[in-house]
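data01.pdb follows; it contains PDB, C-alpha atoms and all ligand atoms.
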```pdb
ATOM      1  CA  MET A   1      28.013 129.994 159.654
ATOM      2  CA  LYS A   2      28.421 127.245 162.163
ATOM      3  CA  SER A   3      28.426 127.433 165.942
ATOM      4  CA  ILE A   4      31.626 126.520 167.768
ATOM      5  CA  SER A   5      32.767 125.617 171.282
ATOM      6  CA  ILE A   6      35.742 126.982 173.132
ATOM      7  CA  GLY A   7      36.125 125.110 176.392
ATOM      8  CA  LYS A   8      32.647 125.055 177.901
ATOM      9  CA  LEU A   9      31.641 128.152 176.008
ATOM     10  CA  LYS A  10      29.313 127.807 173.030
ATOM     11  CA  LEU A  11      29.357 130.554 170.403
ATOM     12  CA  LYS A  12      26.677 130.853 167.711
ATOM     13  CA  ASN A  13      29.384 131.857 165.237
ATOM     14  CA  PRO A  14      33.184 132.159 165.329
ATOM     15  CA  MET A  15      33.372 135.975 164.982
ATOM     16  CA  MET A  16      34.538 138.125 167.870
ATOM     17  CA  VAL A  17      35.666 141.690 168.344
ATOM     18  CA  ALA A  18      39.232 142.033 169.639
ATOM     19  CA  SER A  19      39.978 143.435 173.063
ATOM     20  CA  GLY A  20      40.545 147.181 173.244
ATOM     21  CA  THR A  21      38.979 147.942 169.884
ATOM     22  CA  PHE A  22      35.354 147.731 171.005
ATOM     23  CA  GLY A  23      35.366 149.481 174.405
ATOM     24  CA  TYR A  24      33.320 147.634 176.997
ATOM     25  CA  GLY A  25      30.925 146.572 174.238
ATOM     26  CA  VAL A  26      27.978 148.589 175.461
ATOM     27  CA  GLU A  27      29.189 151.835 173.802
ATOM     28  CA  PHE A  28      28.491 150.187 170.433
ATOM     29  CA  LYS A  29      24.901 149.151 171.133
ATOM     30  CA  ASP A  30      23.357 151.816 168.878
ATOM     31  CA  LEU A  31      25.785 151.161 166.026
ATOM     32  CA  VAL A  32      26.097 147.388 165.967
ATOM     33  CA  ASP A  33      23.627 144.559 166.552
ATOM     34  CA  LEU A  34      25.611 142.960 169.363
ATOM     35  CA  ASN A  35      23.372 139.884 169.298
ATOM     36  CA  LYS A  36      24.834 138.912 165.932
ATOM     37  CA  LEU A  37      28.399 138.610 167.212
ATOM     38  CA  GLY A  38      29.839 135.283 168.363
ATOM     39  CA  ALA A  39      31.297 136.995 171.430
ATOM     40  CA  VAL A  40      32.229 140.412 172.723
ATOM     41  CA  VAL A  41      35.730 140.657 174.192
ATOM     42  CA  THR A  42      36.032 143.665 176.484
ATOM     43  CA  LYS A  43      38.822 146.175 176.837
ATOM     44  CA  THR A  44      41.455 144.768 179.224
ATOM     45  CA  ILE A  45      40.412 145.417 182.835
ATOM     46  CA  THR A  46      42.951 145.863 185.623
ATOM     47  CA  LEU A  47      42.448 145.708 189.391
ATOM     48  CA  GLU A  48      42.806 149.473 189.779
ATOM     49  CA  PRO A  49      41.626 152.074 187.258
ATOM     50  CA  ARG A  50      44.326 153.244 184.826
ATOM     51  CA  GLU A  51      44.500 156.609 183.075
ATOM     52  CA  GLY A  52      46.726 155.186 180.371
ATOM     53  CA  ASN A  53      49.510 156.998 178.539
ATOM     54  CA  PRO A  54      49.491 160.739 177.752
ATOM     55  CA  LYS A  55      47.469 161.790 174.684
ATOM     56  CA  THR A  56      47.684 161.601 171.624
ATOM     57  CA  ARG A  57      47.646 157.794 171.670
ATOM     58  CA  ILE A  58      46.461 156.632 168.266
ATOM     59  CA  PHE A  59      48.349 157.271 165.029
ATOM     60  CA  GLU A  60      47.392 156.202 161.549
ATOM     61  CA  VAL A  61      50.293 154.695 159.616
ATOM     62  CA  GLN A  62      50.531 153.057 156.219
ATOM     63  CA  TYR A  63      48.287 149.970 156.211
ATOM     64  CA  GLY A  64      47.611 150.108 159.928
ATOM     65  CA  MET A  65      47.797 152.049 163.134
ATOM     66  CA  ILE A  66      50.009 152.457 166.178
ATOM     67  CA  ASN A  67      48.325 152.822 169.545
ATOM     68  CA  SER A  68      49.868 153.674 172.869
ATOM     69  CA  ILE A  69      46.727 153.552 175.001
ATOM     70  CA  GLY A  70      48.582 152.070 177.968
ATOM     71  CA  LEU A  71      45.665 149.947 179.190
ATOM     72  CA  GLN A  72      43.408 152.850 180.114
ATOM     73  CA  ASN A  73      40.370 151.358 181.844
ATOM     74  CA  VAL A  74      37.850 152.053 184.585
ATOM     75  CA  GLY A  75      39.224 149.359 186.905
ATOM     76  CA  LEU A  76      37.578 146.188 188.132
ATOM     77  CA  GLU A  77      35.139 147.722 190.639
ATOM     78  CA  LYS A  78      33.501 150.162 188.212
ATOM     79  CA  PHE A  79      33.529 147.533 185.472
ATOM     80  CA  VAL A  80      31.613 145.086 187.658
ATOM     81  CA  LYS A  81      29.192 147.709 189.036
ATOM     82  CA  GLU A  82      28.454 149.631 185.842
ATOM     83  CA  LYS A  83      29.850 148.402 182.530
ATOM     84  CA  LEU A  84      29.172 144.678 182.841
ATOM     85  CA  PRO A  85      25.529 144.946 184.011
ATOM     86  CA  GLU A  86      24.829 147.489 181.231
ATOM     87  CA  LEU A  87      26.317 145.164 178.632
ATOM     88  CA  LYS A  88      24.475 142.105 179.956
ATOM     89  CA  LYS A  89      21.211 144.093 179.865
ATOM     90  CA  THR A  90      21.894 144.983 176.236
ATOM     91  CA  THR A  91      22.808 141.619 174.736
ATOM     92  CA  LYS A  92      22.686 137.873 175.254
ATOM     93  CA  THR A  93      25.907 137.430 173.277
ATOM     94  CA  PRO A  94      28.624 135.835 175.417
ATOM     95  CA  VAL A  95      30.960 138.285 177.106
ATOM     96  CA  ILE A  96      34.636 137.420 177.405
ATOM     97  CA  VAL A  97      36.373 139.701 179.861
ATOM     98  CA  SER A  98      39.981 140.544 179.096
ATOM     99  CA  ILE A  99      42.044 141.029 182.235
ATOM    100  CA  GLY A 100      45.549 142.287 182.815
ATOM    101  CA  GLY A 101      48.046 142.973 185.554
ATOM    102  CA  LYS A 102      51.730 143.184 186.282
ATOM    103  CA  LYS A 103      51.850 140.312 188.772
ATOM    104  CA  LYS A 104      50.244 136.910 189.171
ATOM    105  CA  GLN A 105      48.533 138.036 192.376
ATOM    106  CA  GLU A 106      46.718 140.831 190.526
ATOM    107  CA  PHE A 107      45.304 138.368 187.996
ATOM    108  CA  ILE A 108      44.205 136.043 190.802
ATOM    109  CA  LYS A 109      42.433 138.830 192.724
ATOM    110  CA  ILE A 110      40.551 139.895 189.596
ATOM    111  CA  VAL A 111      39.513 136.320 188.835
ATOM    112  CA  GLU A 112      38.313 135.738 192.398
ATOM    113  CA  ILE A 113      35.952 138.701 192.028
ATOM    114  CA  LEU A 114      34.819 137.889 188.480
ATOM    115  CA  ASN A 115      34.004 134.320 189.547
ATOM    116  CA  TYR A 116      30.825 135.750 191.095
ATOM    117  CA  GLU A 117      29.828 137.684 187.984
ATOM    118  CA  GLU A 118      27.698 136.814 185.010
ATOM    119  CA  ILE A 119      30.467 136.488 182.441
ATOM    120  CA  ASP A 120      31.159 133.766 179.890
ATOM    121  CA  GLY A 121      34.916 133.597 179.633
ATOM    122  CA  LEU A 122      38.210 135.179 180.574
ATOM    123  CA  GLU A 123      40.993 136.292 178.283
ATOM    124  CA  LEU A 124      44.312 136.789 180.046
ATOM    125  CA  ASN A 125      46.129 139.653 178.381
ATOM    126  CA  LEU A 126      49.706 138.439 178.760
ATOM    127  CA  SER A 127      50.921 140.584 175.919
ATOM    128  CA  CYS A 128      50.303 144.321 176.306
ATOM    129  CA  PRO A 129      53.166 146.191 174.624
ATOM    130  CA  ASN A 130      52.240 149.625 175.985
ATOM    131  CA  ILE A 131      52.911 149.716 179.673
ATOM    132  CA  MET A 132      56.164 151.571 180.095
ATOM    133  CA  GLY A 133      58.462 149.548 182.313
ATOM    134  CA  GLY A 134      56.016 146.648 182.282
ATOM    135  CA  LYS A 135      57.161 143.387 180.876
ATOM    136  CA  ILE A 136      55.335 141.137 178.469
ATOM    137  CA  ILE A 137      54.521 137.971 180.420
ATOM    138  CA  SER A 138      53.931 135.885 177.305
ATOM    139  CA  GLN A 139      57.541 136.356 176.250
ATOM    140  CA  ASP A 140      58.540 133.781 178.840
ATOM    141  CA  LYS A 141      57.173 130.240 178.695
ATOM    142  CA  LYS A 142      57.737 129.516 182.409
ATOM    143  CA  GLU A 143      55.986 132.692 183.514
ATOM    144  CA  THR A 144      53.166 131.988 181.096
ATOM    145  CA  TYR A 145      52.761 128.463 182.453
ATOM    146  CA  ASN A 146      52.904 129.623 186.091
ATOM    147  CA  LEU A 147      50.335 132.336 185.577
ATOM    148  CA  VAL A 148      47.902 130.288 183.499
ATOM    149  CA  SER A 149      48.037 127.292 185.853
ATOM    150  CA  ALA A 150      47.549 129.548 188.900
ATOM    151  CA  VAL A 151      44.494 131.183 187.320
ATOM    152  CA  ARG A 152      43.173 127.820 186.070
ATOM    153  CA  LYS A 153      43.054 126.555 189.661
ATOM    154  CA  LYS A 154      40.899 129.537 190.648
ATOM    155  CA  THR A 155      38.190 129.523 187.995
ATOM    156  CA  LYS A 156      35.867 127.329 185.994
ATOM    157  CA  PHE A 157      35.304 129.935 183.279
ATOM    158  CA  THR A 158      36.595 129.274 179.790
ATOM    159  CA  LEU A 159      40.167 130.543 179.872
ATOM    160  CA  ILE A 160      41.914 132.094 176.881
ATOM    161  CA  THR A 161      45.471 133.451 176.790
ATOM    162  CA  LYS A 162      46.304 136.359 174.516
ATOM    163  CA  LEU A 163      49.825 136.086 173.153
ATOM    164  CA  SER A 164      52.440 138.554 171.989
ATOM    165  CA  PRO A 165      54.017 138.135 168.559
ATOM    166  CA  LEU A 166      57.338 139.487 169.885
ATOM    167  CA  VAL A 167      58.874 136.114 170.691
ATOM    168  CA  THR A 168      61.389 133.765 169.128
ATOM    169  CA  ASP A 169      59.034 130.805 169.053
ATOM    170  CA  ILE A 170      55.322 131.428 169.603
ATOM    171  CA  THR A 171      54.554 127.699 169.623
ATOM    172  CA  GLU A 172      56.465 127.278 172.917
ATOM    173  CA  ILE A 173      54.346 129.949 174.570
ATOM    174  CA  ALA A 174      51.131 128.471 173.179
ATOM    175  CA  LYS A 175      52.207 125.060 174.503
ATOM    176  CA  ALA A 176      52.942 126.584 177.927
ATOM    177  CA  SER A 177      49.397 128.026 177.914
ATOM    178  CA  GLU A 178      47.913 124.663 176.967
ATOM    179  CA  ASP A 179      49.946 122.843 179.639
ATOM    180  CA  GLY A 180      48.812 125.457 182.170
ATOM    181  CA  GLY A 181      45.179 124.610 181.440
ATOM    182  CA  ALA A 182      44.069 127.277 178.960
ATOM    183  CA  ASP A 183      41.048 126.352 176.820
ATOM    184  CA  ALA A 184      42.289 128.429 173.879
ATOM    185  CA  VAL A 185      44.976 130.863 172.799
ATOM    186  CA  SER A 186      44.288 134.089 170.975
ATOM    187  CA  LEU A 187      46.925 135.659 168.788
ATOM    188  CA  ILE A 188      48.286 138.026 167.916
ATOM    189  CA  ASN A 189      48.413 141.152 170.020
ATOM    190  CA  SER A 190      49.891 144.222 168.349
ATOM    191  CA  PHE A 191      53.617 144.470 167.560
ATOM    192  CA  PRO A 192      55.741 146.758 169.720
ATOM    193  CA  ALA A 193      56.667 149.690 167.469
ATOM    194  CA  VAL A 194      57.749 153.346 167.448
ATOM    195  CA  PHE A 195      56.045 156.364 165.929
ATOM    196  CA  TYR A 196      57.634 159.787 165.232
ATOM    197  CA  ARG A 197      54.948 162.464 165.043
ATOM    198  CA  SER A 198      56.900 164.550 162.610
ATOM    199  CA  PRO A 199      60.590 164.261 161.968
ATOM    200  CA  LEU A 200      60.730 168.037 161.369
ATOM    201  CA  THR A 201      58.906 169.464 164.405
ATOM    202  CA  ALA A 202      59.715 169.878 168.068
ATOM    203  CA  TYR A 203      58.223 166.466 168.896
ATOM    204  CA  ARG A 204      61.474 164.607 168.860
ATOM    205  CA  LEU A 205      60.708 161.819 171.282
ATOM    206  CA  PRO A 206      59.703 158.431 169.952
ATOM    207  CA  ILE A 207      56.223 157.271 170.889
ATOM    208  CA  PHE A 208      56.213 153.599 171.796
ATOM    209  CA  GLY A 209      53.048 151.728 170.898
ATOM    210  CA  GLY A 210      51.537 148.648 169.327
ATOM    211  CA  LEU A 211      51.320 148.243 165.564
ATOM    212  CA  SER A 212      48.198 146.577 164.183
ATOM    213  CA  GLY A 213      46.123 146.373 161.018
ATOM    214  CA  SER A 214      46.671 145.018 157.506
ATOM    215  CA  CYS A 215      50.447 145.458 157.770
ATOM    216  CA  ILE A 216      50.669 142.654 160.358
ATOM    217  CA  LYS A 217      48.245 140.211 158.728
ATOM    218  CA  HIS A 218      50.710 137.908 157.017
ATOM    219  CA  ILE A 219      52.866 137.663 160.133
ATOM    220  CA  ALA A 220      49.749 136.868 162.177
ATOM    221  CA  LEU A 221      48.691 134.216 159.664
ATOM    222  CA  ARG A 222      52.071 132.503 159.962
ATOM    223  CA  MET A 223      51.869 132.452 163.732
ATOM    224  CA  VAL A 224      48.296 131.164 163.730
ATOM    225  CA  TYR A 225      49.312 128.406 161.319
ATOM    226  CA  LEU A 226      52.353 127.377 163.383
ATOM    227  CA  VAL A 227      50.403 127.353 166.647
ATOM    228  CA  THR A 228      47.543 125.289 165.223
ATOM    229  CA  GLN A 229      50.145 122.680 164.230
ATOM    230  CA  SER A 230      51.596 122.585 167.744
ATOM    231  CA  VAL A 231      48.711 122.594 170.242
ATOM    232  CA  LYS A 232      45.371 120.805 170.512
ATOM    233  CA  ILE A 233      43.439 123.713 172.004
ATOM    234  CA  PRO A 234      41.664 126.078 169.604
ATOM    235  CA  VAL A 235      43.329 129.192 168.237
ATOM    236  CA  ILE A 236      41.473 132.489 168.001
ATOM    237  CA  GLY A 237      43.160 134.334 165.146
ATOM    238  CA  MET A 238      43.501 138.091 164.727
ATOM    239  CA  GLY A 239      45.780 140.674 163.213
ATOM    240  CA  GLY A 240      44.707 142.759 160.238
ATOM    241  CA  ILE A 241      41.296 141.233 159.558
ATOM    242  CA  MET A 242      39.583 143.960 157.543
ATOM    243  CA  ASN A 243      37.213 141.963 155.345
ATOM    244  CA  THR A 244      35.847 138.534 154.426
ATOM    245  CA  LYS A 245      38.886 137.541 152.379
ATOM    246  CA  ASP A 246      41.143 138.193 155.364
ATOM    247  CA  ALA A 247      38.776 136.200 157.587
ATOM    248  CA  LEU A 248      38.878 133.230 155.215
ATOM    249  CA  GLU A 249      42.671 133.302 155.237
ATOM    250  CA  PHE A 250      42.691 132.983 159.034
ATOM    251  CA  PHE A 251      40.302 130.022 158.897
ATOM    252  CA  LYS A 252      42.545 128.481 156.269
ATOM    253  CA  ALA A 253      45.515 128.921 158.624
ATOM    254  CA  GLY A 254      43.581 126.826 161.154
ATOM    255  CA  ALA A 255      41.908 129.397 163.424
ATOM    256  CA  LYS A 256      38.711 128.062 165.014
ATOM    257  CA  ALA A 257      37.481 131.574 165.725
ATOM    258  CA  ILE A 258      38.660 135.015 164.656
ATOM    259  CA  ALA A 259      38.513 138.563 165.966
ATOM    260  CA  VAL A 260      38.270 141.929 164.244
ATOM    261  CA  GLY A 261      40.518 144.559 165.819
ATOM    262  CA  CYS A 262      41.409 147.974 164.463
ATOM    263  CA  ALA A 263      39.024 147.580 161.511
ATOM    264  CA  ASN A 264      36.381 148.535 164.112
ATOM    265  CA  PHE A 265      37.794 152.065 164.004
ATOM    266  CA  VAL A 266      36.993 152.286 160.308
ATOM    267  CA  ASN A 267      33.689 150.422 160.411
ATOM    268  CA  PRO A 268      32.346 149.023 163.690
ATOM    269  CA  ASN A 269      30.132 146.658 161.695
ATOM    270  CA  THR A 270      33.077 144.898 160.040
ATOM    271  CA  ALA A 271      32.594 141.685 162.057
ATOM    272  CA  ILE A 272      28.849 141.583 161.324
ATOM    273  CA  GLU A 273      29.411 142.205 157.618
ATOM    274  CA  ILE A 274      31.897 139.313 157.543
ATOM    275  CA  ILE A 275      29.359 137.080 159.350
ATOM    276  CA  GLU A 276      26.682 137.937 156.779
ATOM    277  CA  ASP A 277      29.132 137.311 153.928
ATOM    278  CA  LEU A 278      30.322 133.989 155.312
ATOM    279  CA  LYS A 279      26.733 132.725 155.591
ATOM    280  CA  LYS A 280      26.771 132.641 151.796
ATOM    281  CA  TRP A 281      29.808 130.307 151.855
ATOM    282  CA  LYS A 282      28.122 127.667 154.050
TER     283      LYS A 282
HETATM  284  C1  LIG A 301      43.490 150.905 170.076
HETATM  285  C2  LIG A 301      43.809 149.487 170.439
HETATM  286  C3  LIG A 301      43.682 149.074 171.757
HETATM  287  C4  LIG A 301      43.967 147.753 172.113
HETATM  288  N1  LIG A 301      43.801 147.367 173.416
HETATM  289  C5  LIG A 301      43.981 146.073 173.756
HETATM  290  C6  LIG A 301      43.691 145.621 175.064
HETATM  291  O1  LIG A 301      43.246 146.388 175.937
HETATM  292  N2  LIG A 301      43.903 144.310 175.345
HETATM  293  C7  LIG A 301      44.360 143.412 174.411
HETATM  294  O2  LIG A 301      44.519 142.220 174.727
HETATM  295  N3  LIG A 301      44.610 143.812 173.146
HETATM  296  C8  LIG A 301      44.436 145.104 172.804
HETATM  297  N4  LIG A 301      44.664 145.505 171.515
HETATM  298  C9  LIG A 301      45.150 144.522 170.517
HETATM  299  C10 LIG A 301      43.994 143.958 169.669
HETATM  300  O3  LIG A 301      43.070 143.276 170.463
HETATM  301  C11 LIG A 301      44.526 143.020 168.568
HETATM  302  O4  LIG A 301      45.138 141.915 169.161
HETATM  303  C12 LIG A 301      45.548 143.682 167.641
HETATM  304  O5  LIG A 301      45.206 145.025 167.398
HETATM  305  C13 LIG A 301      45.691 142.930 166.314
HETATM  306  O6  LIG A 301      44.483 142.917 165.602
HETATM  307  P1  LIG A 301      44.131 144.010 164.444
HETATM  308  O7  LIG A 301      45.341 144.093 163.548
HETATM  309  O8  LIG A 301      42.913 143.481 163.776
HETATM  310  O9  LIG A 301      43.887 145.324 165.149
HETATM  311  C14 LIG A 301      44.395 146.819 171.131
HETATM  312  C15 LIG A 301      44.512 147.248 169.798
HETATM  313  C16 LIG A 301      44.223 148.544 169.453
HETATM  314  C17 LIG A 301      44.323 148.945 168.000
END
```

Using structure tokens, write down the structure from this file.
Amino acid sequence: MKSISIGKLKLKNPMMVASGTFGYGVEFKDLVDLNKLGAVVTKTITLEPREGNPKTRIFEVQYGMINSIGLQNVGLEKFVKEKLPELKKTTKTPVIVSIGGKKKQEFIKIVEILNYEEIDGLELNLSCPNIMGGKIISQDKKETYNLVSAVRKKTKFTLITKLSPLVTDITEIAKASEDGGADAVSLINSFPAVFYRSPLTAYRLPIFGGLSGSCIKHIALRMVYLVTQSVKIPVIGMGGIMNTKDALEFFKAGAKAIAVGCANFVNPNTAIEIIEDLKKWK
């Protein structure tokens, strides 16, 4: 499997683990040989710690899952003091830190602090579907451009924007990211969806969450294909990659790199197994 570059970042292979499905990376050190991955993408970090949405927050559905985690995370300070140094001690694999916030200023503050840290890239999560009342920045091309260009001015790290599939034309948003100075776009985040625990019990309220897994793969493939035809920057493809065949489909659609998401909940070694398999295809 060949090495690739995304911006200034060199990856020994094009396989990543998708944000939010692999914790802060370090939790998996006894289960997965982290050194074999192309990159680890962390859970999205926000300026302040977040408790996330009330439990239960993960539901298995046909051919996928719905999560309503709500960006639970330890916050930037604890991430920088504890999680990041632990991860860097564990592996030499590049670490891409996913960051999120409600306003441009929050993103900028996070970036100004991470600029002093030993990280390898930043992924701007402009697409979280699970913050009640929060809006999805990557649904608006102007807001996407403004945010990406503001962050670009503040950092030299490889900059990736993570896009929402819930848009009329994803190519416009990808173009806005490219024009703003992003080195790559990653897509897709999960689809906003609703889960009913049981139509017959007292739990009557809908649970809003993000749908991911095999059921979104063919929609993701279409979006990856369309975006690769519209921008020059690389596309990191994800959405329902469960095995080597799925991975090959994303490469066929034009993705330069790919990420395994909720398959990590079934088998945290999915990405590594795909890497080993793809070596045979060289
Ligand atoms: C439990 C869970 C948590 C997630 N958390 C994040 C997150 O914090 N930041 C983010 O950008 N994407 C997050 N995602 C979205 C994934 O990174 C990925 O884009 C999406 O799930 C599609 O890939 P998949 O179908 O392979 O899971 C999360 C997905 C799941 C299933």

Need to verify the contact set: segment 150-163 of chain A, 7 Å, all atoms listed in the file, exclusion of same-chain residues closer than 2 positions in sequence. Can you return it as a PyMOL selection string?
chain A and resi 7-9+108+111-112+115+120-127+138+146-148+165+177+181-189

Apply the PyMOL selection byres (((chain A and resi 222) around 12) and not hetatm) to the structure shown and report the selected residues as a list in words.
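Evaluating the PyMOL selection byres (((chain A and resi 222) around 12) and not hetatm) on these coordinates yields Pro165, Asp169, Ile170, Thr171, Leu187, Ile188, Ile216, Lys217, His218, Ile219, Ala220, Leu221, Met223, Val224, Tyr225, Leu226, Val227, Thr228, Gln229, Gly237, Met238, Gly239, Glu249, Phe250, Lys252, Ala253, Gly254 and Ala255 of chain A.
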
If you take only C-alpha atoms and all ligand atoms and a cut-off of 6 Å, which residues of chain A touch ligand LIG 301 (chain A), and what are their nearest atom pairs and distances in Å to one decimal, in chain and number order, as a Markdown table?
```
| residue | atom | partner | partner_atom | distance |
| --- | --- | --- | --- | --- |
| A:Ala18 | CA | A:LIG301 | O3 | 4.1 |
| A:Ser19 | CA | A:LIG301 | O3 | 4.0 |
| A:Gly20 | CA | A:LIG301 | N1 | 3.3 |
| A:Thr21 | CA | A:LIG301 | C2 | 5.1 |
| A:Lys43 | CA | A:LIG301 | O1 | 4.5 |
| A:Thr44 | CA | A:LIG301 | O1 | 4.1 |
| A:Asn67 | CA | A:LIG301 | C1 | 5.2 |
| A:Leu71 | CA | A:LIG301 | O1 | 5.4 |
| A:Asn125 | CA | A:LIG301 | O2 | 4.7 |
| A:Ile188 | CA | A:LIG301 | O4 | 5.2 |
| A:Asn189 | CA | A:LIG301 | O4 | 3.5 |
| A:Ser190 | CA | A:LIG301 | C12 | 4.4 |
| A:Ser212 | CA | A:LIG301 | O7 | 3.8 |
| A:Gly213 | CA | A:LIG301 | O7 | 3.5 |
| A:Met238 | CA | A:LIG301 | O6 | 5.0 |
| A:Gly239 | CA | A:LIG301 | O7 | 3.5 |
| A:Gly240 | CA | A:LIG301 | O7 | 3.6 |
| A:Ile241 | CA | A:LIG301 | O8 | 5.0 |
| A:Val260 | CA | A:LIG301 | O8 | 4.9 |
| A:Gly261 | CA | A:LIG301 | O8 | 3.3 |
| A:Cys262 | CA | A:LIG301 | O9 | 3.7 |
```

Could you state which residues are captured by the PyMOL selection byres (((chain A and resi 52-66) around 6) and not hetatm) in this file, as a PyMOL selection string?
chain A and resi 50-51+67-72+209-215

Would you kindly return, as number ranges by chain, each protein, DNA or RNA residue with an atom no farther than 7 Å from any atom of Ala39 of chain A, considering all atoms listed in the file and excluding same-chain residues fewer than 4 positions away?
A: 11, 15-16, 93-96

Point-to-point distance in Å for atom CA of Ile233 of chain A and atom CA of Thr270 of chain A:
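Pair atom CA of Thr270 of chain A / atom CA of Ile233 of chain A returns 26.4 Å.
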
How many Å separate atom CA of Gly100 of chain A from atom CA of Phe208 of chain A?
19.1 Å
